Each structure stands twice: as C-alpha cells, then as structure tokens.
file start15.pdb (PDB, C-alpha atoms)
ATOM      1  CA  MET H   1       0.000   0.000   0.000  1.00  0.00           C
ATOM      2  CA  ALA H   2       2.896   2.380   0.719  1.00  0.00           C
ATOM      3  CA  ALA H   3       4.394   1.611  -2.694  1.00  0.00           C
ATOM      4  CA  TYR H   4       1.007   2.313  -4.284  1.00  0.00           C
ATOM      5  CA  ASP H   5       0.838   5.719  -2.558  1.00  0.00           C
ATOM      6  CA  ILE H   6       4.397   6.594  -3.599  1.00  0.00           C
ATOM      7  CA  GLN H   7       3.605   5.836  -7.248  1.00  0.00           C
ATOM      8  CA  THR H   8       0.134   7.356  -7.520  1.00  0.00           C
ATOM      9  CA  THR H   9       0.021  10.326  -5.109  1.00  0.00           C
ATOM     10  CA  ARG H  10       2.004  13.470  -4.264  1.00  0.00           C
ATOM     11  CA  LEU H  11       1.941  12.619  -0.548  1.00  0.00           C
ATOM     12  CA  HIS H  12       5.243  13.283   1.188  1.00  0.00           C
ATOM     13  CA  ILE H  13       7.195  10.107   1.884  1.00  0.00           C
ATOM     14  CA  ILE H  14       7.361  11.046   5.553  1.00  0.00           C
ATOM     15  CA  ASP H  15       3.541  11.255   5.637  1.00  0.00           C
ATOM     16  CA  ILE H  16       3.251   7.869   3.924  1.00  0.00           C
ATOM     17  CA  ALA H  17       5.591   6.409   6.544  1.00  0.00           C
ATOM     18  CA  LEU H  18       3.400   7.753   9.334  1.00  0.00           C
ATOM     19  CA  LYS H  19       0.225   6.599   7.566  1.00  0.00           C
ATOM     20  CA  TYR H  20       1.402   2.975   7.571  1.00  0.00           C
ATOM     21  CA  GLY H  21       2.627   2.862  11.152  1.00  0.00           C
ATOM     22  CA  TYR H  22       6.305   3.816  10.942  1.00  0.00           C
ATOM     23  CA  GLU H  23       7.532   6.206  13.606  1.00  0.00           C
ATOM     24  CA  THR H  24      10.507   7.549  11.620  1.00  0.00           C
ATOM     25  CA  LEU H  25      11.396   8.130   7.986  1.00  0.00           C
ATOM     26  CA  GLU H  26      14.581   6.099   8.479  1.00  0.00           C
ATOM     27  CA  ALA H  27      12.666   3.011   9.675  1.00  0.00           C
ATOM     28  CA  PHE H  28      10.271   3.184   6.744  1.00  0.00           C
ATOM     29  CA  SER H  29      13.065   3.708   4.196  1.00  0.00           C
ATOM     30  CA  LYS H  30      15.016   0.712   5.538  1.00  0.00           C
ATOM     31  CA  ALA H  31      11.930  -1.550   5.491  1.00  0.00           C
ATOM     32  CA  PHE H  32      10.989  -0.416   1.990  1.00  0.00           C
ATOM     33  CA  THR H  33      14.536  -0.961   0.708  1.00  0.00           C
ATOM     34  CA  ARG H  34      14.681  -4.471   2.208  1.00  0.00           C
ATOM     35  CA  PHE H  35      11.387  -5.358   0.492  1.00  0.00           C
ATOM     36  CA  TYR H  36      11.950  -3.785  -2.952  1.00  0.00           C
ATOM     37  CA  GLY H  37      15.714  -3.361  -3.147  1.00  0.00           C
ATOM     38  CA  PHE H  38      15.483   0.417  -3.653  1.00  0.00           C
ATOM     39  CA  PRO H  39      14.684   3.339  -1.311  1.00  0.00           C
ATOM     40  CA  PRO H  40      11.319   5.089  -1.766  1.00  0.00           C
ATOM     41  CA  SER H  41      12.970   8.314  -2.998  1.00  0.00           C
ATOM     42  CA  PHE H  42      14.577   6.349  -5.871  1.00  0.00           C
ATOM     43  CA  ILE H  43      11.181   5.003  -6.927  1.00  0.00           C
ATOM     44  CA  ARG H  44       9.759   8.540  -6.939  1.00  0.00           C
ATOM     45  CA  ARG H  45      12.717   9.983  -8.825  1.00  0.00           C
ATOM     46  CA  THR H  46      12.940   7.342 -11.552  1.00  0.00           C
ATOM     47  CA  ASN H  47       9.235   6.565 -11.889  1.00  0.00           C
ATOM     48  CA  THR H  48      10.080   2.852 -11.534  1.00  0.00           C
ATOM     49  CA  GLN H  49       6.993   0.667 -11.740  1.00  0.00           C
ATOM     50  CA  LEU H  50       6.692  -1.749  -8.827  1.00  0.00           C
ATOM     51  CA  ARG H  51       4.422  -4.717  -8.401  1.00  0.00           C
ATOM     52  CA  VAL H  52       1.878  -3.562  -5.893  1.00  0.00           C
ATOM     53  CA  PHE H  53      -1.349  -4.953  -4.511  1.00  0.00           C
ATOM     54  CA  GLN H  54      -4.112  -2.597  -5.561  1.00  0.00           C
ATOM     55  CA  PRO H  55      -6.664  -1.673  -2.897  1.00  0.00           C
ATOM     56  CA  ILE H  56     -10.099  -3.225  -3.334  1.00  0.00           C
ATOM     57  CA  GLN H  57     -12.629  -0.677  -4.538  1.00  0.00           C
ATOM     58  CA  ILE H  58     -16.396  -1.018  -4.314  1.00  0.00           C
ATOM     59  CA  HIS H  59     -18.493   1.132  -6.626  1.00  0.00           C
ATOM     60  CA  LEU H  60     -22.128   1.550  -5.631  1.00  0.00           C
ATOM     61  CA  GLU H  61     -24.491   3.214  -8.103  1.00  0.00           C
ATOM     62  CA  ILE H  62     -28.045   4.142  -7.147  1.00  0.00           C
ATOM     63  CA  THR H  63     -30.448   5.281  -9.879  1.00  0.00           C
ATOM     64  CA  GLY H  64     -34.026   6.492  -9.815  1.00  0.00           C
ATOM     65  CA  GLY H  65     -35.743   9.227  -7.859  1.00  0.00           C
ATOM     66  CA  TRP H  66     -37.739  12.220  -8.971  1.00  0.00           C
ATOM     67  CA  GLU H  67     -37.895  13.080 -12.655  1.00  0.00           C
ATOM     68  CA  ASP H  68     -37.007  16.728 -12.168  1.00  0.00           C
ATOM     69  CA  GLU H  69     -33.784  16.874 -10.223  1.00  0.00           C
ATOM     70  CA  LEU H  70     -32.643  19.980  -8.431  1.00  0.00           C
ATOM     71  CA  PRO H  71     -29.965  21.923 -10.305  1.00  0.00           C
ATOM     72  CA  SER H  72     -26.456  21.226  -9.071  1.00  0.00           C
ATOM     73  CA  LEU H  73     -24.825  23.931  -6.993  1.00  0.00           C
ATOM     74  CA  THR H  74     -21.393  25.145  -8.044  1.00  0.00           C
ATOM     75  CA  LYS H  75     -18.974  26.972  -5.795  1.00  0.00           C
ATOM     76  CA  GLN H  76     -16.869  29.807  -7.080  1.00  0.00           C
ATOM     77  CA  THR H  77     -13.170  29.293  -6.388  1.00  0.00           C
ATOM     78  CA  THR H  78     -11.047  32.379  -5.862  1.00  0.00           C
ATOM     79  CA  VAL H  79      -7.373  32.625  -6.840  1.00  0.00           C
ATOM     80  CA  GLU H  80      -6.477  32.475  -3.152  1.00  0.00           C
ATOM     81  CA  GLN H  81      -8.466  29.251  -2.710  1.00  0.00           C
ATOM     82  CA  GLU H  82      -6.778  27.759  -5.780  1.00  0.00           C
ATOM     83  CA  ILE H  83      -3.390  28.453  -4.209  1.00  0.00           C
ATOM     84  CA  GLN H  84      -4.503  26.978  -0.891  1.00  0.00           C
ATOM     85  CA  ASN H  85      -5.726  23.799  -2.622  1.00  0.00           C
ATOM     86  CA  THR H  86      -2.665  23.355  -4.835  1.00  0.00           C
ATOM     87  CA  CYS H  87       0.328  24.231  -2.672  1.00  0.00           C
ATOM     88  CA  ASN H  88       2.044  22.057  -0.110  1.00  0.00           C
ATOM     89  CA  PHE H  89       3.579  24.974   1.794  1.00  0.00           C
ATOM     90  CA  HIS H  90       2.895  28.687   2.199  1.00  0.00           C
ATOM     91  CA  ILE H  91       5.614  31.154   3.120  1.00  0.00           C
ATOM     92  CA  SER H  92       5.271  34.835   3.989  1.00  0.00           C
ATOM     93  CA  THR H  93       8.542  36.748   3.857  1.00  0.00           C
ATOM     94  CA  ASN H  94       7.272  39.538   6.147  1.00  0.00           C
ATOM     95  CA  ASN H  95       8.920  37.988   9.187  1.00  0.00           C
ATOM     96  CA  MET H  96      11.945  36.533   7.409  1.00  0.00           C
ATOM     97  CA  LYS H  97      15.421  37.683   8.433  1.00  0.00           C
ATOM     98  CA  GLN H  98      17.090  37.439   5.014  1.00  0.00           C
ATOM     99  CA  LYS H  99      14.709  39.859   3.300  1.00  0.00           C
ATOM    100  CA  LYS H 100      17.198  40.947   0.631  1.00  0.00           C
ATOM    101  CA  ASP H 101      17.897  37.351  -0.410  1.00  0.00           C
ATOM    102  CA  TRP H 102      14.173  36.564  -0.502  1.00  0.00           C
ATOM    103  CA  SER H 103      13.582  39.651  -2.640  1.00  0.00           C
ATOM    104  CA  ILE H 104      16.231  38.623  -5.179  1.00  0.00           C
ATOM    105  CA  LEU H 105      14.991  35.030  -5.322  1.00  0.00           C
ATOM    106  CA  LEU H 106      11.418  36.192  -5.931  1.00  0.00           C
ATOM    107  CA  GLN H 107      12.513  38.675  -8.616  1.00  0.00           C
ATOM    108  CA  LEU H 108      14.248  35.865 -10.496  1.00  0.00           C
ATOM    109  CA  VAL H 109      11.278  33.509 -10.084  1.00  0.00           C
ATOM    110  CA  LYS H 110       8.856  36.123 -11.439  1.00  0.00           C
ATOM    111  CA  LYS H 111      11.042  36.824 -14.479  1.00  0.00           C
ATOM    112  CA  LEU H 112      11.398  33.110 -15.256  1.00  0.00           C
ATOM    113  CA  GLN H 113       7.639  32.576 -14.935  1.00  0.00           C
ATOM    114  CA  GLN H 114       7.136  35.085 -17.737  1.00  0.00           C
ATOM    115  CA  THR H 115       9.014  32.754 -20.115  1.00  0.00           C
ATOM    116  CA  ASP H 116       8.373  29.243 -21.456  1.00  0.00           C
ATOM    117  CA  LEU H 117      11.233  27.802 -19.404  1.00  0.00           C
ATOM    118  CA  LYS H 118      10.446  24.885 -17.119  1.00  0.00           C
ATOM    119  CA  PHE H 119      12.424  25.183 -13.891  1.00  0.00           C
ATOM    120  CA  LYS H 120      12.531  24.147 -10.264  1.00  0.00           C
ATOM    121  CA  ILE H 121      14.467  25.441  -7.285  1.00  0.00           C
ATOM    122  CA  ASP H 122      17.165  22.946  -6.437  1.00  0.00           C
ATOM    123  CA  GLY H 123      20.455  22.542  -4.567  1.00  0.00           C
ATOM    124  CA  LYS H 124      20.875  24.309  -1.228  1.00  0.00           C
ATOM    125  CA  THR H 125      18.433  26.958  -2.414  1.00  0.00           C
ATOM    126  CA  MET H 126      15.601  24.467  -1.956  1.00  0.00           C
ATOM    127  CA  ILE H 127      16.235  24.450   1.808  1.00  0.00           C
ATOM    128  CA  PHE H 128      16.064  28.240   1.836  1.00  0.00           C
ATOM    129  CA  ALA H 129      12.939  28.254  -0.349  1.00  0.00           C
ATOM    130  CA  GLN H 130      11.216  25.866   2.068  1.00  0.00           C
ATOM    131  CA  GLY H 131      11.542  28.542   4.777  1.00  0.00           C
ATOM    132  CA  LEU H 132      14.689  27.361   6.596  1.00  0.00           C
ATOM    133  CA  GLU H 133      16.773  30.515   6.491  1.00  0.00           C
ATOM    134  CA  PHE H 134      20.502  31.064   6.144  1.00  0.00           C
ATOM    135  CA  LYS H 135      22.644  33.503   4.167  1.00  0.00           C
ATOM    136  CA  LEU H 136      22.004  32.647   0.528  1.00  0.00           C
ATOM    137  CA  ASP H 137      25.346  32.455  -1.279  1.00  0.00           C
ATOM    138  CA  LYS H 138      23.885  31.227  -4.582  1.00  0.00           C
ATOM    139  CA  ILE H 139      20.620  30.307  -6.258  1.00  0.00           C
ATOM    140  CA  CYS H 140      20.436  26.832  -7.816  1.00  0.00           C
ATOM    141  CA  LEU H 141      17.891  26.097 -10.524  1.00  0.00           C
ATOM    142  CA  THR H 142      17.293  22.949 -12.569  1.00  0.00           C
ATOM    143  CA  PHE H 143      16.024  23.237 -16.139  1.00  0.00           C
ATOM    144  CA  LYS H 144      15.105  20.661 -18.752  1.00  0.00           C
ATOM    145  CA  TRP H 145      18.024  19.230 -20.733  1.00  0.00           C
ATOM    146  CA  LYS H 146      17.270  20.815 -24.113  1.00  0.00           C
ATOM    147  CA  GLN H 147      16.573  24.286 -22.678  1.00  0.00           C
ATOM    148  CA  GLU H 148      20.298  25.090 -22.641  1.00  0.00           C
ATOM    149  CA  GLN H 149      20.205  27.880 -25.243  1.00  0.00           C
ATOM    150  CA  SER H 150      16.966  29.320 -23.866  1.00  0.00           C
ATOM    151  CA  VAL H 151      18.579  29.625 -20.427  1.00  0.00           C
ATOM    152  CA  LEU H 152      21.581  31.452 -21.892  1.00  0.00           C
ATOM    153  CA  ASP H 153      19.247  33.760 -23.823  1.00  0.00           C
ATOM    154  CA  PHE H 154      17.287  34.520 -20.643  1.00  0.00           C
ATOM    155  CA  PHE H 155      20.443  35.743 -18.907  1.00  0.00           C
ATOM    156  CA  ASN H 156      21.707  37.444 -22.106  1.00  0.00           C
ATOM    157  CA  GLU H 157      24.855  35.322 -21.998  1.00  0.00           C
ATOM    158  CA  ASP H 158      27.065  33.980 -24.785  1.00  0.00           C
ATOM    159  CA  GLY H 159      28.754  31.319 -22.642  1.00  0.00           C
ATOM    160  CA  GLU H 160      28.281  27.578 -22.640  1.00  0.00           C
ATOM    161  CA  PHE H 161      27.350  24.916 -20.121  1.00  0.00           C
ATOM    162  CA  VAL H 162      30.075  22.785 -18.567  1.00  0.00           C
ATOM    163  CA  GLU H 163      29.578  19.003 -18.503  1.00  0.00           C
ATOM    164  CA  SER H 164      31.145  17.935 -15.210  1.00  0.00           C
ATOM    165  CA  TYR H 165      30.077  14.304 -15.652  1.00  0.00           C
ATOM    166  CA  PRO H 166      27.976  12.425 -18.260  1.00  0.00           C
ATOM    167  CA  GLY H 167      24.369  13.479 -18.123  1.00  0.00           C
ATOM    168  CA  PHE H 168      24.948  16.663 -16.091  1.00  0.00           C
ATOM    169  CA  LYS H 169      25.799  20.197 -17.211  1.00  0.00           C
ATOM    170  CA  TYR H 170      25.872  23.490 -15.351  1.00  0.00           C
ATOM    171  CA  TYR H 171      26.315  27.176 -16.070  1.00  0.00           C
ATOM    172  CA  ASP H 172      27.177  29.849 -13.494  1.00  0.00           C
ATOM    173  CA  THR H 173      25.970  33.409 -13.912  1.00  0.00           C
ATOM    174  CA  GLU H 174      24.767  36.247 -11.660  1.00  0.00           C
ATOM    175  CA  PHE H 175      21.463  37.948 -10.883  1.00  0.00           C
ATOM    176  CA  GLU H 176      21.170  41.074  -8.724  1.00  0.00           C
ATOM    177  CA  GLY H 177      24.503  40.359  -7.034  1.00  0.00           C
ATOM    178  CA  ILE H 178      23.847  36.687  -6.208  1.00  0.00           C
ATOM    179  CA  ARG H 179      25.516  33.843  -8.103  1.00  0.00           C
ATOM    180  CA  VAL H 180      23.078  31.640  -9.997  1.00  0.00           C
ATOM    181  CA  ARG H 181      23.867  28.039 -10.965  1.00  0.00           C
ATOM    182  CA  CYS H 182      21.745  26.686 -13.807  1.00  0.00           C
ATOM    183  CA  MET H 183      21.747  22.890 -13.919  1.00  0.00           C
ATOM    184  CA  LEU H 184      20.696  20.427 -16.618  1.00  0.00           C
ATOM    185  CA  TYR H 185      20.160  16.696 -16.099  1.00  0.00           C
ATOM    186  CA  GLU H 186      19.907  14.407 -19.127  1.00  0.00           C
ATOM    187  CA  GLU H 187      17.204  12.380 -17.380  1.00  0.00           C
ATOM    188  CA  PHE H 188      14.916  15.389 -17.876  1.00  0.00           C
ATOM    189  CA  GLN H 189      14.714  15.316 -21.665  1.00  0.00           C
ATOM    190  CA  GLU H 190      12.497  17.797 -23.479  1.00  0.00           C
ATOM    191  CA  THR H 191      10.143  14.936 -24.357  1.00  0.00           C
ATOM    192  CA  ASP H 192       9.624  14.053 -20.697  1.00  0.00           C
ATOM    193  CA  THR H 193       6.341  15.020 -19.141  1.00  0.00           C
ATOM    194  CA  ASP H 194       6.169  17.754 -16.540  1.00  0.00           C
ATOM    195  CA  GLU H 195       5.137  15.069 -14.049  1.00  0.00           C
ATOM    196  CA  ILE H 196       8.550  13.410 -14.361  1.00  0.00           C
ATOM    197  CA  PHE H 197      10.437  16.716 -14.269  1.00  0.00           C
ATOM    198  CA  TYR H 198       8.636  17.902 -11.142  1.00  0.00           C
ATOM    199  CA  LYS H 199       8.819  14.550  -9.334  1.00  0.00           C
ATOM    200  CA  ASN H 200      10.128  14.859  -5.746  1.00  0.00           C
ATOM    201  CA  THR H 201       9.202  18.542  -5.608  1.00  0.00           C
ATOM    202  CA  ASP H 202       6.851  20.506  -3.387  1.00  0.00           C
ATOM    203  CA  ILE H 203       4.584  23.241  -4.690  1.00  0.00           C
ATOM    204  CA  VAL H 204       5.462  26.212  -2.503  1.00  0.00           C
ATOM    205  CA  GLU H 205       3.627  29.536  -2.400  1.00  0.00           C
ATOM    206  CA  ILE H 206       5.945  32.394  -1.460  1.00  0.00           C
ATOM    207  CA  ASP H 207       4.127  35.707  -1.149  1.00  0.00           C
ATOM    208  CA  ALA H 208       1.526  34.553  -3.725  1.00  0.00           C
ATOM    209  CA  ASN H 209       4.249  33.268  -6.102  1.00  0.00           C
ATOM    210  CA  VAL H 210       3.781  29.556  -6.771  1.00  0.00           C
ATOM    211  CA  VAL H 211       6.980  27.660  -7.561  1.00  0.00           C
ATOM    212  CA  HIS H 212       8.212  24.051  -7.655  1.00  0.00           C
ATOM    213  CA  VAL H 213      10.888  23.380  -5.019  1.00  0.00           C
ATOM    214  CA  GLN H 214      12.852  20.162  -4.524  1.00  0.00           C
ATOM    215  CA  SER H 215      11.459  18.499  -1.407  1.00  0.00           C
ATOM    216  CA  LEU H 216      13.289  18.420   1.919  1.00  0.00           C
ATOM    217  CA  GLU H 217      12.613  14.689   2.142  1.00  0.00           C
ATOM    218  CA  PHE H 218      14.497  14.142  -1.108  1.00  0.00           C
ATOM    219  CA  TYR H 219      17.457  16.102   0.287  1.00  0.00           C
ATOM    220  CA  TYR H 220      17.343  14.214   3.591  1.00  0.00           C
ATOM    221  CA  GLU H 221      17.361  10.807   1.911  1.00  0.00           C
ATOM    222  CA  ASN H 222      20.155  11.624  -0.542  1.00  0.00           C
ATOM    223  CA  ALA H 223      22.449  14.051   1.309  1.00  0.00           C
ATOM    224  CA  LYS H 224      25.353  13.014   3.524  1.00  0.00           C
ATOM    225  CA  PRO H 225      24.903  13.509   7.292  1.00  0.00           C
ATOM    226  CA  ASP H 226      28.097  15.571   7.487  1.00  0.00           C
ATOM    227  CA  GLU H 227      26.747  18.211   5.075  1.00  0.00           C
ATOM    228  CA  LYS H 228      26.359  21.679   6.591  1.00  0.00           C
ATOM    229  CA  TYR H 229      22.556  21.928   6.392  1.00  0.00           C
ATOM    230  CA  TYR H 230      21.733  18.259   7.051  1.00  0.00           C
ATOM    231  CA  PRO H 231      21.123  18.712  10.826  1.00  0.00           C
ATOM    232  CA  MET H 232      18.805  21.679  10.131  1.00  0.00           C
ATOM    233  CA  VAL H 233      16.665  19.650   7.718  1.00  0.00           C
ATOM    234  CA  GLU H 234      16.707  16.576   9.956  1.00  0.00           C
ATOM    235  CA  GLU H 235      15.506  18.588  12.957  1.00  0.00           C
ATOM    236  CA  TYR H 236      12.752  20.220  10.900  1.00  0.00           C
ATOM    237  CA  LEU H 237      11.460  16.935   9.448  1.00  0.00           C
ATOM    238  CA  LYS H 238      11.485  15.159  12.803  1.00  0.00           C
ATOM    239  CA  ALA H 239       9.623  18.069  14.381  1.00  0.00           C
ATOM    240  CA  SER H 240       7.059  17.916  11.571  1.00  0.00           C
ATOM    241  CA  LEU H 241       6.626  14.177  12.126  1.00  0.00           C
ATOM    242  CA  THR H 242       6.119  14.721  15.860  1.00  0.00           C
ATOM    243  CA  LYS H 243       3.440  17.354  15.182  1.00  0.00           C
ATOM    244  CA  SER H 244       1.673  14.991  12.787  1.00  0.00           C
TER     245      SER H 244
END

call {"tool": "encode", "arguments": {"input": "start15.pdb", "output": "structure tokens"}}
result
Amino acid sequence: MAAYDIQTTRLHIIDIALKYGYETLEAFSKAFTRFYGFPPSFIRRTNTQLRVFQPIQIHLEITGGWEDELPSLTKQTTVEQEIQNTCNFHISTNNMKQKKDWSILLQLVKKLQQTDLKFKIDGKTMIFAQGLEFKLDKICLTFKWKQEQSVLDFFNEDGEFVESYPGFKYYDTEFEGIRVRCMLYEEFQETDTDEIFYKNTDIVEIDANVVHVQSLEFYYENAKPDEKYYPMVEEYLKASLTKS
C-alpha cells in the first residue's frame, strides 16, 4: 500500500511512513529498501513501476428518484483558494530575516515565470525556499536538458554549459549580485512530461508566487549527514513528524 501511494500520489514520503505505522522516515526507508531493493525516494525519482497490490474498490451506483432533479450547486473558487488547494507549503517573507535574499529570489522567479522555461528550485536553495533561512550564497535552478540555449538567452549570456560528468551540465551566472547556478540533467529530456520533471518537488507559495521546489525529504534521503545543512533539515522533518 505504501508503494502504491508513492507511485500514484504526491503525498510526502514522511507522511506515507506515518500513515502505515512507521515512527521515523529512516525506519520506513530501511523496510521499503529491504522489500523492494530500492529506497522510496529512488522510486519517486525514476518513476520505476513496482508490483503492488491494488486496494479493493467497491463502486455503488443508485439510480431512480424524482424526474425533475434539483440543479447542481457550483462553488466559485477564488485565486487564493486555488493556491490553498494546490500548494504544499505557504511562506510569507514579512517575518523573514534574510529579506534581501528573498527579494532577489522572488525577482528571479517572477522573471522566469514570464518565459516558457520549465524550472525548479534545487540545490541548497531548496532548503532556503522551504523557509529554513541562512545567508544565501547562490541560487540553484534545474532546467530541462534541451533548454540550454533558452537559459543562456534569458540571462543574455554567450557562454556555454560545462559538462562535469555524463548526463549533467551546469552554467554559473549572476542575478542582482547573487551567483546563480543553472543545472541540466539528461534524465529530464524535453520529451519528458512535466510530471517526471517535477517529481520529488513541493509546490510552494511564497508571497503569492507559486513555484516548484525540490522536497526536503528528497534532500534528507540523498544528502550526507556531514553536510552543513543536514542537521537543520533533519531537525525540521522530525519536528514535523512529531506534530503529525
């Protein structure tokens, strides 16, 4: 059932762990890996199809009644309600300490949203964009593989991406005084669906700006414990699990 939820829903892996009786993300990940041979984050990232036992569904249809049925009532949905229903997290920068960094990040996000570029906030920036503050030394963004020239055109640059290892390229530039790293992964080909590209991301609303941000769970499962921001993310996720 947990595998079914991982493959068919956008539920956070930590919430799925809690749903099926695991007290920690680590315990669930170990049990899942023993059973399937891969951690749950890998299944999400690669869209690997697992053999799962589908839940039994009972469909009950009742027909009949009065000839003239009452008209159905529809409810108007405001933009604010749409955001509330779509987003996983909501952040207001009013009380944030790093206001300048937030301002620059939002400026860049707004400009990118006016283009056809598909992007998501990645790298260490994703931790910042999830509301865990620190001094932002660079903004990391992931784009689709074949958007290389479009990214360069957006920044009005004549440079070229560097391939540091097969299937990964990056380009460093600057926006409003902050370094920006643009990353391309071959696994995100132009022909891939948005669903695959945005897998393992959260939809975060920052001051009414909706953006895809790599999930903290994905970072936690793939980062090394000795990384600088690992304890911050670990503490946050464990606190969230306790509250749940």

call {"tool": "residues_around", "arguments": {"input": "start15.pdb", "residues": "Ser215 of chain H", "least_positions_apart": "4", "cutoff": "9 Å", "atoms": "only C-alpha atoms", "output": "PyMOL selection string"}}
result
chain H and resi 12+122+126-127+130+200-203+219-220

call {"tool": "closest_residue", "arguments": {"input": "start15.pdb", "among": "H:Lys124, H:Arg51, H:Lys118, H:Lys224", "to": "Lys144 of chain H", "atoms": "all atoms listed in the file"}}
result
H:Lys118

call {"tool": "residues_around", "arguments": {"input": "start15.pdb", "residues": "Leu132 of chain H", "least_positions_apart": "5", "cutoff": "9 Å", "atoms": "only C-alpha atoms", "output": "list in words"}}
result
Ile127, Met232, Val233 and Tyr236 of chain H

call {"tool": "atom_distance", "arguments": {"input": "start15.pdb", "atom1": "atom CA of Phe154 of chain H", "atom2": "atom CA of Thr93 of chain H"}}
result
26.1 Å

call {"tool": "closest_residue", "arguments": {"input": "start15.pdb", "among": "H:Gly159, H:Gly177, H:Gly167, H:Gly131", "to": "Leu216 of chain H", "atoms": "only C-alpha atoms"}}
result
H:Gly131

call {"tool": "resolve_selection", "arguments": {"input": "start15.pdb", "expression": "the PyMOL selection byres ((chain H and resi 17-28) around 12)", "output": "PyMOL selection string"}}
result
chain H and resi 1-6+11-16+29-35+38-41+217-218+220-222+234+237-244

call {"tool": "residues_around", "arguments": {"input": "start15.pdb", "residues": "Ile196 of chain H", "least_positions_apart": "5", "cutoff": "9 Å", "atoms": "only C-alpha atoms", "output": "tab-separated table (two decimals) with C-alpha atoms, keeping the file's coordinate frame"}}
result
chain	number	residue	atom	x	y	z
H	44	ARG	CA	9.76	8.54	-6.94
H	45	ARG	CA	12.72	9.98	-8.82
H	46	THR	CA	12.94	7.34	-11.55
H	47	ASN	CA	9.24	6.56	-11.89
H	188	PHE	CA	14.92	15.39	-17.88

call {"tool": "resolve_selection", "arguments": {"input": "start15.pdb", "expression": "the PyMOL selection byres ((chain H and resi 107) around 12)", "output": "number ranges by chain"}}
result
H: 100-106, 108-114, 139, 175-176, 178, 206-207, 209

call {"tool": "atom_distance", "arguments": {"input": "start15.pdb", "atom1": "atom CA of Asn94 of chain H", "atom2": "atom CA of Val213 of chain H"}}
result
20.0 Å

call {"tool": "atom_distance", "arguments": {"input": "start15.pdb", "atom1": "atom CA of Ile43 of chain H", "atom2": "atom CA of Arg10 of chain H"}}
result
12.8 Å

call {"tool": "closest_residue", "arguments": {"input": "start15.pdb", "among": "H:Tyr36, H:Phe42, H:Tyr229, H:Trp145", "to": "Tyr170 of chain H", "atoms": "only C-alpha atoms"}}
result
H:Trp145

call {"tool": "residues_near_point", "arguments": {"input": "start15.pdb", "point": "(21.6, 33.3, -19.4)", "cutoff": "10 Å", "atoms": "only C-alpha atoms", "output": "list of chain:residue names"}}
result
H:Glu148, H:Gln149, H:Ser150, H:Val151, H:Leu152, H:Asp153, H:Phe154, H:Phe155, H:Asn156, H:Glu157, H:Asp158, H:Gly159, H:Glu160, H:Tyr171, H:Asp172, H:Thr173, H:Glu174, H:Phe175, H:Val180, H:Cys182

call {"tool": "residues_around", "arguments": {"input": "start15.pdb", "residues": "Leu141 of chain H", "least_positions_apart": "6", "cutoff": "7 Å", "atoms": "all atoms listed in the file", "output": "PyMOL selection string"}}
result
chain H and resi 119-122+181-183

call {"tool": "closest_residue", "arguments": {"input": "start15.pdb", "among": "H:Gln57, H:Gln147, H:Gln49, H:Thr191", "to": "Gln7 of chain H", "atoms": "all atoms listed in the file"}}
result
H:Gln49

call {"tool": "closest_residue", "arguments": {"input": "start15.pdb", "among": "H:Glu195, H:Val204, H:Lys97, H:Lys228", "to": "Thr8 of chain H", "atoms": "only C-alpha atoms"}}
result
H:Glu195

call {"tool": "decode", "arguments": {"input": "start15.pdb", "residues": "segment 117-121 of chain H", "atoms": "all heavy atoms", "output": "CSV table (one decimal), in the first residue's frame"}}
result
chain,number,residue,atom,x,y,z
H,117,LEU,N,10.3,28.7,-20.1
H,117,LEU,CA,11.2,27.8,-19.4
H,117,LEU,C,10.6,27.0,-18.3
H,117,LEU,O,9.8,27.6,-17.5
H,117,LEU,CB,12.4,28.6,-18.9
H,117,LEU,CG,13.4,29.2,-19.9
H,117,LEU,CD1,14.3,30.2,-19.2
H,117,LEU,CD2,14.2,28.0,-20.5
H,118,LYS,N,10.9,25.7,-18.2
H,118,LYS,CA,10.4,24.9,-17.1
H,118,LYS,C,11.6,24.8,-16.1
H,118,LYS,O,12.7,24.5,-16.5
H,118,LYS,CB,10.1,23.5,-17.6
H,118,LYS,CG,9.0,23.4,-18.6
H,118,LYS,CD,7.7,23.7,-18.0
H,118,LYS,CE,6.6,23.5,-19.0
H,118,LYS,NZ,5.2,23.9,-18.5
H,119,PHE,N,11.3,25.2,-14.9
H,119,PHE,CA,12.4,25.2,-13.9
H,119,PHE,C,11.9,24.8,-12.5
H,119,PHE,O,10.7,24.8,-12.3
H,119,PHE,CB,13.1,26.6,-13.8
H,119,PHE,CG,12.2,27.6,-13.1
H,119,PHE,CD1,12.4,27.9,-11.8
H,119,PHE,CD2,11.2,28.3,-13.8
H,119,PHE,CE1,11.6,28.8,-11.1
H,119,PHE,CE2,10.4,29.2,-13.2
H,119,PHE,CZ,10.6,29.5,-11.8
H,120,LYS,N,12.8,24.4,-11.7
H,120,LYS,CA,12.5,24.1,-10.3
H,120,LYS,C,13.7,24.6,-9.4
H,120,LYS,O,14.9,24.6,-9.9
H,120,LYS,CB,12.2,22.7,-10.0
H,120,LYS,CG,13.3,21.7,-10.4
H,120,LYS,CD,12.9,20.3,-10.3
H,120,LYS,CE,13.9,19.3,-10.8
H,120,LYS,NZ,13.5,17.9,-10.6
H,121,ILE,N,13.4,25.0,-8.2
H,121,ILE,CA,14.5,25.4,-7.3
H,121,ILE,C,15.1,24.2,-6.7
H,121,ILE,O,14.5,23.3,-6.2
H,121,ILE,CB,13.9,26.3,-6.2
H,121,ILE,CG1,13.3,27.6,-6.8
H,121,ILE,CG2,15.0,26.7,-5.1
H,121,ILE,CD1,12.7,28.6,-5.8
